[in-house]
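File shown: coords21.cif (mmCIF, C-alpha atoms and all ligand atoms).
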```
data_my_file
#
loop_
_atom_site.label_atom_id
_atom_site.label_comp_id
_atom_site.auth_asym_id
_atom_site.auth_seq_id
_atom_site.Cartn_x
_atom_site.Cartn_y
_atom_site.Cartn_z
CA MET A 1488 0.00 0.00 0.00
CA GLU A 1489 1.31 3.44 -0.94
CA SER A 1490 1.59 6.06 1.82
CA ALA A 1491 -0.20 9.37 1.42
CA LYS A 1492 1.94 12.43 0.98
CA LYS A 1493 1.54 15.22 3.49
CA LEU A 1494 2.15 18.91 2.79
CA VAL A 1495 2.05 21.64 5.43
CA GLU A 1496 2.98 25.15 4.38
CA ALA A 1497 2.75 28.81 5.30
CA LYS A 1498 3.73 31.74 3.15
CA VAL A 1499 3.57 35.36 2.21
CA ASP A 1500 2.98 35.42 -1.53
CA GLY A 1501 6.11 36.38 -3.43
CA ARG A 1502 8.16 36.76 -0.26
CA ASP A 1503 8.51 33.95 2.27
CA GLN A 1504 7.55 30.31 2.36
CA ILE A 1505 8.17 27.37 4.64
CA LYS A 1506 6.84 23.91 3.93
CA LEU A 1507 7.05 20.37 5.17
CA GLU A 1508 6.63 17.42 2.85
CA SER A 1509 6.47 13.89 4.14
CA LEU A 1510 4.88 10.53 3.82
CA ASP A 1511 2.37 9.60 6.49
CA SER A 1512 4.78 6.94 7.68
CA GLN A 1513 7.36 9.63 8.52
CA SER A 1514 6.42 11.28 11.79
CA ASP A 1515 9.82 10.74 13.35
CA GLY A 1516 11.48 14.06 12.55
CA LYS A 1517 12.74 12.89 9.14
CA ASN A 1518 10.38 15.07 7.17
CA LYS A 1519 11.66 17.29 4.40
CA VAL A 1520 11.39 20.95 5.41
CA SER A 1521 12.27 23.68 2.95
CA PHE A 1522 12.11 27.44 3.23
CA ILE A 1523 12.84 30.50 1.15
CA GLY A 1524 12.44 34.19 1.80
CA CYS A 1525 13.87 37.46 2.97
CA PHE A 1526 16.82 37.78 5.33
CA GLU A 1527 14.67 38.31 8.44
CA PHE A 1528 12.55 35.27 7.68
CA THR A 1529 15.39 32.90 6.82
CA GLN A 1530 17.35 34.06 9.88
CA LEU A 1531 14.40 33.29 12.13
CA VAL A 1532 14.02 29.81 10.63
CA LYS A 1533 17.75 29.21 11.15
CA ASN A 1534 17.48 30.47 14.75
CA TYR A 1535 14.62 28.07 15.36
CA ARG A 1536 16.60 25.17 13.91
CA ALA A 1537 19.69 26.05 15.95
CA THR A 1538 17.71 26.49 19.16
CA PHE A 1539 15.00 23.84 18.92
CA GLY A 1540 16.39 21.31 16.45
CA ASN A 1541 15.41 19.98 13.05
CA ASP A 1542 12.19 18.31 14.17
CA VAL A 1543 9.72 21.09 13.37
CA TYR A 1544 6.98 19.26 15.26
CA LYS A 1545 8.85 20.16 18.45
CA TRP A 1546 9.19 23.86 17.68
CA PRO A 1547 7.40 26.25 20.06
CA VAL A 1548 4.81 28.63 18.64
CA PRO A 1549 6.41 32.03 17.97
CA GLY A 1550 4.90 35.12 19.55
CA GLY A 1551 5.51 38.56 18.08
CA ASN A 1552 3.99 40.26 15.07
CA SER A 1553 6.80 40.54 12.55
CA HIS A 1554 5.91 38.95 9.23
CA ALA A 1555 8.54 36.26 9.85
CA GLU A 1556 7.03 35.31 13.21
CA MET A 1557 3.53 35.28 11.73
CA VAL A 1558 4.49 32.92 8.90
CA ILE A 1559 6.32 30.54 11.21
CA ARG A 1560 3.47 30.74 13.74
CA GLU A 1561 1.00 29.68 11.04
CA PHE A 1562 3.33 26.83 10.04
CA VAL A 1563 3.83 25.55 13.60
CA LEU A 1564 0.12 25.83 14.46
CA LYS A 1565 -0.74 23.89 11.29
CA LEU A 1566 1.74 21.19 12.30
CA LYS A 1567 0.11 20.99 15.72
CA GLY A 1568 -3.34 20.84 14.11
CA THR A 1569 -4.51 23.97 15.94
CA TRP A 1570 -4.51 26.50 13.09
CA ASP A 1571 -8.10 27.75 13.14
CA TYR A 1572 -8.46 30.59 10.66
CA PRO A 1573 -11.43 32.77 11.65
CA TYR A 1574 -12.86 33.51 8.19
CA LYS A 1575 -13.43 30.83 5.57
CA ASP A 1576 -14.90 32.59 2.50
CA ASP A 1577 -12.70 33.72 -0.40
CA GLU A 1578 -14.10 37.25 -0.46
CA ILE A 1579 -14.31 39.26 2.75
CA CYS A 1580 -15.51 42.65 1.51
CA HIS A 1581 -18.38 42.31 -0.91
CA CYS A 1582 -18.83 46.04 -1.52
CA ARG A 1583 -15.25 46.44 -2.77
CA GLN A 1584 -14.71 42.82 -3.92
CA VAL A 1585 -11.67 42.42 -1.68
CA LYS A 1586 -10.37 38.88 -1.29
CA THR A 1587 -9.79 37.48 2.18
CA LYS A 1588 -6.27 36.53 1.17
CA THR A 1589 -5.54 40.14 0.16
CA VAL A 1590 -6.49 41.38 3.63
CA ASP A 1591 -4.62 38.54 5.30
CA GLN A 1592 -1.42 39.19 3.37
CA ALA A 1593 -1.63 42.93 4.12
CA ILE A 1594 -1.89 42.16 7.84
CA VAL A 1595 1.07 39.78 7.72
CA ASN A 1596 3.03 42.37 5.74
CA GLY A 1597 2.56 45.00 8.44
CA ALA A 1598 -0.98 46.40 8.39
CA HIS A 1599 -1.35 45.91 12.12
CA THR A 1600 -4.30 48.25 12.60
CA TYR A 1601 -7.76 48.05 11.11
CA GLU A 1602 -7.29 51.49 9.52
CA LEU A 1603 -4.09 50.40 7.76
CA ALA A 1604 -5.62 47.16 6.51
CA SER A 1605 -8.55 49.15 5.13
CA ARG A 1606 -6.30 51.75 3.51
CA TRP A 1607 -3.96 49.17 1.95
CA THR A 1608 -6.65 46.88 0.57
CA GLY A 1609 -9.77 49.04 0.15
CA CYS A 1610 -11.81 46.73 2.39
CA SER A 1611 -14.41 48.23 4.72
CA THR A 1612 -14.61 51.51 2.85
CA ALA A 1613 -18.34 51.31 2.05
CA CYS A 1614 -21.04 49.72 4.25
CA GLY A 1615 -18.58 48.48 6.90
CA THR A 1616 -20.34 45.13 7.34
CA CYS A 1617 -17.03 43.32 6.83
CA LYS A 1618 -15.24 45.22 9.61
CA PRO A 1619 -15.84 42.62 12.36
CA ASP A 1620 -14.46 39.86 10.13
CA VAL A 1621 -11.39 41.93 9.22
CA GLU A 1622 -10.84 42.55 12.93
CA LYS A 1623 -11.13 38.81 13.64
CA ILE A 1624 -8.38 38.06 11.12
CA MET A 1625 -6.30 40.86 12.59
CA ALA A 1626 -6.73 39.53 16.12
CA HIS A 1627 -5.93 36.01 14.92
CA GLN A 1628 -2.75 37.01 13.07
CA ASN A 1629 -1.59 39.40 15.80
CA ASP A 1630 -2.20 36.98 18.65
CA LEU A 1631 0.97 37.41 20.69
CA ASN A 1632 -0.04 34.92 23.34
CA HIS A 1633 2.41 32.22 22.30
CA ASP A 1634 5.62 30.57 23.44
CA GLN A 1635 8.58 32.40 22.03
CA THR A 1636 9.63 35.84 20.79
CA PHE A 1637 12.92 36.36 18.96
CA PHE A 1638 12.65 40.02 17.94
S1 LIG A 1701 -18.77 44.51 2.84
FE1 LIG A 1701 -16.93 45.61 3.13
S2 LIG A 1701 -17.54 47.68 3.05
FE2 LIG A 1701 -19.38 46.60 2.68
#
```
Just give me the structure of the file as structure tokens.
Amino acid sequence: MESAKKLVEAKVDGRDQIKLESLDSQSDGKNKVSFIGCFEFTQLVKNYRATFGNDVYKWPVPGGNSHAEMVIREFVLKLKGTWDYPYKDDEICHCRQVKTKTVDQAIVNGAHTYELASRWTGCSTACGTCKPDVEKIMAHQNDLNHDQTFF
């Protein structure tokens, strides 16, 4: 019987990416982890490896709200099976046709206030119905209540 392949990844489009590829039979730290990105991101991944080892399943969840910490936090939470993204639809702002991913990526890239996220993406600039959902994503991505802060 062939084992199923597993892929866990987190990324900022066009900037940073970390992913784990493995067969289901490999849960012993021998998974293939690859990463690419900016200096800050790759340095943080290297710091994590140097401090916590190559078995990414044993990495603590990073706190902090730099883009590097957010991407690694998403990755580690996905590995732990506790990544629970608060908004599931593709489009978050129906008045301005703003994609959820656009708002998410703006937040990870530094739009850490609702006003900035709105200005950068155009979301929530009409009826405002989407504001609570934008704020949920913001709270989720900026949740600093985790194990480790490097910056
Ligand atoms: S749904 Fe976003 S402004 Fe109306």
- Message: Neighbouring residues of ligand LIG 1701 (chain A) are defined here as those with any atom at most 10 Å from a ligand atom, counting only C-alpha atoms and all ligand atoms; list them as a PyMOL selection string.
- Response: chain A and resi 1578-1585+1605+1609-1621
- Message: Every residue with an atom at most 10 Å from (-0.5, 39.5, 7.7) (file coordinates; all atoms listed in the file) is what I'm after, so could you write them as an NGL selection string?
- Response: :A and (1498-1499 or 1552-1555 or 1557-1558 or 1588-1599 or 1604 or 1624-1625 or 1627-1629)
- Task: Name the residues in contact with Asp1571 of chain A at a cut-off of 12 Å, using only C-alpha atoms, excluding same-chain residues fewer than 2 positions from it; report them as a list in words.
- Result: Arg1560, Glu1561, Phe1562, Leu1564, Lys1565, Leu1566, Lys1567, Gly1568, Thr1569, Pro1573, Tyr1574, Lys1575, Lys1623, Ile1624, His1627 and Gln1628 of chain A
- Determine, counting all atoms listed in the file, which protein, DNA and RNA residues have an atom within 6 Å of an atom of Ser1509 of chain A; residues of the same chain fewer than 6 positions away are not included. Present the result as a PyMOL selection string. chain A and resi 1492-1493+1518
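Each of A:Val1563, A:Ala1537, A:Val1543, A:Ile1505 was compared to Cys1525 of chain A using only C-alpha atoms, and A:Ile1505 turns out to be the nearest.
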- Nearby residues, (13.2, 34.8, 9.8) file frame, 12 Å, all atoms listed in the file, as a PyMOL selection string: chain A and resi 1498+1502-1505+1522-1536+1549+1551-1560+1636-1638
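Pairwise distance (atom CA of Asp1634 of chain A, atom CA of Gly1540 of chain A) equals 15.8 Å.
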- Query: What is the distance, in Å and to one decimal place, between atom CA of Val1520 of chain A and atom CA of Tyr1544 of chain A?
  - Reply: 10.9 Å
- Please indicate the distance in Å from atom CA of Leu1631 of chain A to atom CA of Pro1547 of chain A, rounded to one decimal place. 12.9 Å
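With all atoms listed in the file taken into account, the protein and nucleic acid residues at most 7 Å from Lys1519 of chain A (excluding it and anything under 2 positions from it in its own chain) are A:Leu1507, A:Glu1508, A:Ser1509, A:Lys1517, A:Ser1521.
Nearest residue to Thr1608 of chain A among A:Ala1497, A:Ala1626, A:Phe1539, A:Lys1586 is A:Lys1586, counting all atoms listed in the file.
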